[in-house]
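Undergrad: Okay, handing you the structure first.
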Amino acid sequence: MKIICIGRNYADHAKELNNDVPTQPVIFMKPKSALLLPKKPLYYPEFTDNLHYECELVVKICKNGKYIQEKFAHKYYNAVSVGIDFTARDLQKKLKDQGLPWELSKAFDASAAVGKFKELTPEMDINNLKFELSRNGEVLQSGHTKDMIFSINSIIEYVSQYITINIGDLIFTGTPAGVGAVNVYDTFIGTLEGEELLKVDIR
Ligand code: MG
């Protein structure tokens, strides 16, 4: 499996990091080794002094496909959750400033935390879901899928022109505003429509 990630998919977050609002989706990947195993803590990596959390809606692919049209894209996923795209912001800045790929700052081991998946039901509208991240009881990020610049179905159409999507792949769909620094001994909780799906301890 692979983890496809979208950058700058919420205008308010693009602004907070002084990035332009993109006219095409910004795509990067995390390898399978980036998955944080369930119930395991994230150990603060030694190569960064500014680890950030980015809470995102995560979509699970249930069908293989290439050149998928947006109108058929909904057939290619069947479950959603919330995740955290952990980012070594200092390293990312250094790489970006040098015009280099930012992989090392985003694709390192345990950088992709994913909660329990919720099967999509006909009553659920993927473009109308609220998700939140809190730390030690305080809400840090509050996102709504209707605020995405590129919808999930348009992302699938775009990505699948270049990369075959396979059963079990995950798509991290971008983070809303409110990203910030992680501290050792933080506990993060992610919710979808008020239901707790994700818990991550930092050590
Ligand atoms: Mg992100």
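Each chain in the structure tokens gets a letter, A, B and so on, in the order shown; residues start at 1 in every chain, and ligands are counted from 1 in the order they appear.
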If we count only C-alpha atoms, what is near Asn50 in chain A at a cut-off of 12 Å, once residues fewer than 5 positions away on the same chain are taken out, given as an MDAnalysis selection string?

TA: chainID A and resid 44:45 86:93 105 179:184

Undergrad: List all protein, DNA and RNA residues that have at least one atom no more than 9 Å from any atom of ligand 1, counting only C-alpha atoms and all ligand atoms, and write them as a list of chain:residue names.

TA: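 Sorted by chain and then by number, the residues are A:Cys5, A:Ile6, A:Gly7, A:Arg8, A:Asn9, A:Tyr53, A:Glu54, A:Cys55, A:Glu56, A:Ile84, A:Asp85, A:Phe86, A:Thr87, A:Lys106, A:Phe172, A:Thr173, A:Gly174, A:Thr175, A:Pro176.
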
Undergrad: How about saving the chosen residues, C-alpha atoms kept, as a PDB file, in the first residue's frame?

TA:
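For reference, part33.pdb as written:
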```
ATOM      1  CA  CYS A   5      -0.993  13.099   0.557  1.00  0.00           C
ATOM      2  CA  ILE A   6      -2.428  16.421  -0.561  1.00  0.00           C
ATOM      3  CA  GLY A   7      -0.779  19.668   0.456  1.00  0.00           C
ATOM      4  CA  ARG A   8      -2.401  23.114   0.761  1.00  0.00           C
ATOM      5  CA  ASN A   9      -5.957  21.894   0.246  1.00  0.00           C
ATOM      6  CA  TYR A  53       0.813  18.133  13.754  1.00  0.00           C
ATOM      7  CA  GLU A  54      -1.506  18.397  10.721  1.00  0.00           C
ATOM      8  CA  CYS A  55      -4.912  16.795  11.244  1.00  0.00           C
ATOM      9  CA  GLU A  56      -6.498  15.507   8.038  1.00  0.00           C
ATOM     10  CA  ILE A  84      -2.146  13.256  11.524  1.00  0.00           C
ATOM     11  CA  ASP A  85       0.436  14.133   8.880  1.00  0.00           C
ATOM     12  CA  PHE A  86       3.406  14.689  11.211  1.00  0.00           C
ATOM     13  CA  THR A  87       5.864  17.127   9.678  1.00  0.00           C
ATOM     14  CA  LYS A 106       7.183  14.208   5.905  1.00  0.00           C
ATOM     15  CA  PHE A 172      -4.461  12.191   3.372  1.00  0.00           C
ATOM     16  CA  THR A 173      -6.597  15.017   2.053  1.00  0.00           C
ATOM     17  CA  GLY A 174      -4.873  18.094   3.504  1.00  0.00           C
ATOM     18  CA  THR A 175      -5.011  20.029   6.735  1.00  0.00           C
ATOM     19  CA  PRO A 176      -7.090  23.054   7.743  1.00  0.00           C
TER      20      PRO A 176
END
```

Undergrad: What residues in range 4-162 of chain A get the DSSP label helix (DSSP H, G or I)? Please answer as JSON, numbers by chain.

TA: {"A": [11, 12, 13, 14, 15, 16, 32, 33, 34, 70, 71, 72, 73, 74, 75, 76, 89, 90, 91, 92, 93, 94, 95, 96, 97, 103, 104, 105, 106, 145, 146, 147, 152, 153, 154, 155, 156, 157, 158, 159]}

Undergrad: Got time to write the residues from that selection, N, CA and C atoms, as a CSV table (one decimal), in the first residue's frame?

TA:
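Once everything was written out, this is out.csv:
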```csv
chain,number,residue,atom,x,y,z
A,11,ALA,N,-7.6,26.8,2.0
A,11,ALA,CA,-7.0,28.2,1.8
A,11,ALA,C,-6.5,28.8,3.1
A,12,ASP,N,-7.2,28.5,4.2
A,12,ASP,CA,-6.8,29.2,5.5
A,12,ASP,C,-5.5,28.6,6.0
A,13,HIS,N,-5.2,27.3,5.6
A,13,HIS,CA,-3.9,26.8,6.0
A,13,HIS,C,-2.8,27.2,5.1
A,14,ALA,N,-3.1,27.3,3.8
A,14,ALA,CA,-2.1,27.8,2.8
A,14,ALA,C,-1.6,29.1,3.3
A,15,LYS,N,-2.5,30.0,3.7
A,15,LYS,CA,-2.2,31.3,4.1
A,15,LYS,C,-1.4,31.3,5.4
A,16,GLU,N,-1.7,30.5,6.3
A,16,GLU,CA,-0.9,30.5,7.6
A,16,GLU,C,0.5,30.1,7.4
A,32,LYS,N,4.8,3.0,3.1
A,32,LYS,CA,4.1,2.2,4.1
A,32,LYS,C,4.8,2.2,5.5
A,33,SER,N,6.1,2.3,5.5
A,33,SER,CA,6.9,2.4,6.7
A,33,SER,C,6.6,3.7,7.5
A,34,ALA,N,5.9,4.6,6.9
A,34,ALA,CA,5.5,5.9,7.7
A,34,ALA,C,4.3,5.7,8.6
A,70,GLU,N,-13.9,11.9,-12.3
A,70,GLU,CA,-14.4,12.4,-11.0
A,70,GLU,C,-15.8,11.9,-10.7
A,71,LYS,N,-16.7,11.7,-11.7
A,71,LYS,CA,-18.0,11.3,-11.5
A,71,LYS,C,-18.1,9.8,-11.0
A,72,PHE,N,-17.0,9.1,-11.3
A,72,PHE,CA,-17.0,7.6,-10.8
A,72,PHE,C,-16.1,7.4,-9.6
A,73,ALA,N,-15.5,8.5,-9.2
A,73,ALA,CA,-14.4,8.4,-8.1
A,73,ALA,C,-15.0,7.8,-6.8
A,74,HIS,N,-16.3,8.1,-6.5
A,74,HIS,CA,-16.9,7.7,-5.3
A,74,HIS,C,-16.9,6.2,-5.1
A,75,LYS,N,-16.8,5.4,-6.2
A,75,LYS,CA,-16.8,4.0,-6.2
A,75,LYS,C,-15.5,3.4,-5.7
A,76,TYR,N,-14.5,4.3,-5.6
A,76,TYR,CA,-13.1,3.8,-5.3
A,76,TYR,C,-12.7,3.9,-3.8
A,89,ARG,N,8.8,20.6,10.5
A,89,ARG,CA,8.7,21.8,9.8
A,89,ARG,C,10.0,22.5,9.6
A,90,ASP,N,11.0,22.4,10.5
A,90,ASP,CA,12.3,23.1,10.3
A,90,ASP,C,13.0,22.4,9.1
A,91,LEU,N,13.0,21.1,9.0
A,91,LEU,CA,13.6,20.4,7.9
A,91,LEU,C,12.9,20.7,6.6
A,92,GLN,N,11.5,20.7,6.7
A,92,GLN,CA,10.8,21.0,5.5
A,92,GLN,C,11.1,22.4,4.9
A,93,LYS,N,11.3,23.3,5.8
A,93,LYS,CA,11.6,24.7,5.4
A,93,LYS,C,13.0,24.7,4.7
A,94,LYS,N,13.9,24.0,5.3
A,94,LYS,CA,15.3,24.0,4.7
A,94,LYS,C,15.2,23.3,3.3
A,95,LEU,N,14.5,22.2,3.2
A,95,LEU,CA,14.4,21.6,1.9
A,95,LEU,C,13.7,22.5,0.8
A,96,LYS,N,12.6,23.1,1.3
A,96,LYS,CA,11.8,23.9,0.4
A,96,LYS,C,12.7,25.1,-0.1
A,97,ASP,N,13.4,25.7,0.8
A,97,ASP,CA,14.3,26.9,0.5
A,97,ASP,C,15.3,26.5,-0.5
A,103,GLU,N,10.4,15.2,1.0
A,103,GLU,CA,10.1,13.9,1.5
A,103,GLU,C,10.6,13.6,2.9
A,104,LEU,N,11.9,13.9,3.2
A,104,LEU,CA,12.5,13.5,4.5
A,104,LEU,C,11.8,14.1,5.6
A,105,SER,N,11.2,15.3,5.4
A,105,SER,CA,10.5,16.0,6.5
A,105,SER,C,9.1,15.5,6.7
A,106,LYS,N,8.6,14.6,5.8
A,106,LYS,CA,7.2,14.2,5.9
A,106,LYS,C,7.0,12.7,5.8
A,145,THR,N,-14.9,19.2,5.5
A,145,THR,CA,-14.5,18.8,4.1
A,145,THR,C,-15.1,19.7,3.0
A,146,LYS,N,-16.2,20.5,3.4
A,146,LYS,CA,-16.7,21.4,2.4
A,146,LYS,C,-15.8,22.6,2.1
A,147,ASP,N,-14.8,22.8,3.0
A,147,ASP,CA,-13.8,23.9,2.7
A,147,ASP,C,-12.6,23.4,1.9
A,152,ILE,N,-12.5,15.4,-2.7
A,152,ILE,CA,-11.9,14.1,-2.7
A,152,ILE,C,-12.0,13.4,-4.1
A,153,ASN,N,-13.2,13.6,-4.7
A,153,ASN,CA,-13.4,13.0,-6.0
A,153,ASN,C,-12.5,13.6,-7.1
A,154,SER,N,-12.3,14.9,-7.0
A,154,SER,CA,-11.4,15.5,-8.0
A,154,SER,C,-10.0,15.2,-7.7
A,155,ILE,N,-9.6,15.0,-6.5
A,155,ILE,CA,-8.2,14.5,-6.2
A,155,ILE,C,-8.0,13.1,-6.8
A,156,ILE,N,-8.9,12.2,-6.7
A,156,ILE,CA,-8.8,10.9,-7.2
A,156,ILE,C,-8.7,10.9,-8.7
A,157,GLU,N,-9.5,11.8,-9.3
A,157,GLU,CA,-9.3,11.9,-10.8
A,157,GLU,C,-7.9,12.4,-11.2
A,158,TYR,N,-7.5,13.4,-10.5
A,158,TYR,CA,-6.2,14.0,-10.8
A,158,TYR,C,-5.0,13.0,-10.5
A,159,VAL,N,-5.0,12.5,-9.3
A,159,VAL,CA,-3.9,11.6,-9.0
A,159,VAL,C,-3.8,10.4,-9.9
```

Undergrad: Among the residues of chain A, find those DSSP assigns to strand (DSSP E) from the backbone and print them as a VMD selection string.

TA: chain A and resid 3 to 7 26 to 30 51 to 53 55 to 61 77 to 85 87 to 88 112 to 114 118 to 119 130 to 135 138 to 144 170 to 172 180 to 181 187 to 192 195 to 201

Undergrad: With only C-alpha atoms as the atoms that count, which of A:Val80, A:Ile202, A:Ala107, A:Ile163 lies nearest to Met29 in chain A?

TA: A:Ala107

Undergrad: Rounded to one decimal in Å, what is the spacing between CA of Ile189 in chain A and CA of Arg135 in chain A?

TA: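 Between CA of Ile189 in chain A and CA of Arg135 in chain A the gap works out to 6.3 Å.
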
Undergrad: Would you work out the distance separating CA of Asn78 in chain A from CA of Val200 in chain A, expressed in Å to one decimal?

TA: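 One can read the CA of Asn78 in chain A to CA of Val200 in chain A distance as 23.9 Å.
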
Undergrad: For Arg203 in chain A, list every protein, DNA or RNA residue within 8 Å, evaluated using only C-alpha atoms, and leave out those in the same chain fewer than 5 positions away; present the list as a short mmCIF file (atom, residue, chain, number, x, y, z; two decimals) with N, CA and C atoms, in the first residue's frame.

TA:
```
data_model
loop_
_atom_site.label_atom_id
_atom_site.label_comp_id
_atom_site.auth_asym_id
_atom_site.auth_seq_id
_atom_site.Cartn_x
_atom_site.Cartn_y
_atom_site.Cartn_z
N PRO A 41 3.10 4.80 20.68
CA PRO A 41 3.36 6.24 20.75
C PRO A 41 4.26 6.68 19.61
N LEU A 42 4.22 7.97 19.33
CA LEU A 42 5.20 8.53 18.39
C LEU A 42 6.37 9.06 19.22
N TYR A 43 7.56 8.55 18.93
CA TYR A 43 8.76 9.04 19.61
C TYR A 43 9.29 10.25 18.85
N TYR A 44 9.44 11.35 19.58
CA TYR A 44 9.86 12.62 18.95
C TYR A 44 11.17 12.40 18.20
N VAL A 184 6.72 16.63 23.65
CA VAL A 184 6.78 15.32 24.30
C VAL A 184 5.76 15.31 25.44
N TYR A 185 5.06 14.20 25.57
CA TYR A 185 3.98 13.96 26.55
C TYR A 185 2.63 14.55 26.14
N ASP A 186 2.52 15.11 24.93
CA ASP A 186 1.20 15.49 24.42
C ASP A 186 0.39 14.23 24.15
#
```

Undergrad: Which of these, A:Phe188, A:Tyr67, A:Phe28, A:Tyr77, has the shortest distance to Ile126 in chain A once you count only C-alpha atoms?

TA: A:Tyr77

Undergrad: Using only C-alpha atoms, which of the listed residues (A:Leu192, A:Ala177, A:Ile149, A:Leu100) sits closest to Glu132 in chain A?

TA: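 Nearest candidate to Glu132 in chain A out of A:Leu192, A:Ala177, A:Ile149, A:Leu100: A:Leu192.
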
Undergrad: Which residue is closest to Pro31 in chain A? Choose from A:Leu140, A:Asn18, A:Leu170, A:Val114 and count only C-alpha atoms.

TA: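 Counting only C-alpha atoms, the residue closest to Pro31 in chain A is A:Leu170.
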
Undergrad: Between A:Asp20, A:Glu46, A:Glu193, A:Glu123, single out the one closest to Asp109 in chain A, counting only C-alpha atoms.

TA: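 Residue with the minimum atom-to-atom distance to Asp109 in chain A: A:Glu46.
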
Undergrad: Near Ile171 in chain A, counting only C-alpha atoms, which residues have an atom at most 6 Å away, once you skip same-chain residues fewer than 3 positions from it, shown as a ChimeraX atom specification?

TA: /A:3-5,58-59

Undergrad: What's the separation between CA of Lys30 in chain A and CA of Met148 in chain A, in Å to one decimal place?

TA: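 Answer for the CA of Lys30 in chain A to CA of Met148 in chain A separation: 20.7 Å.
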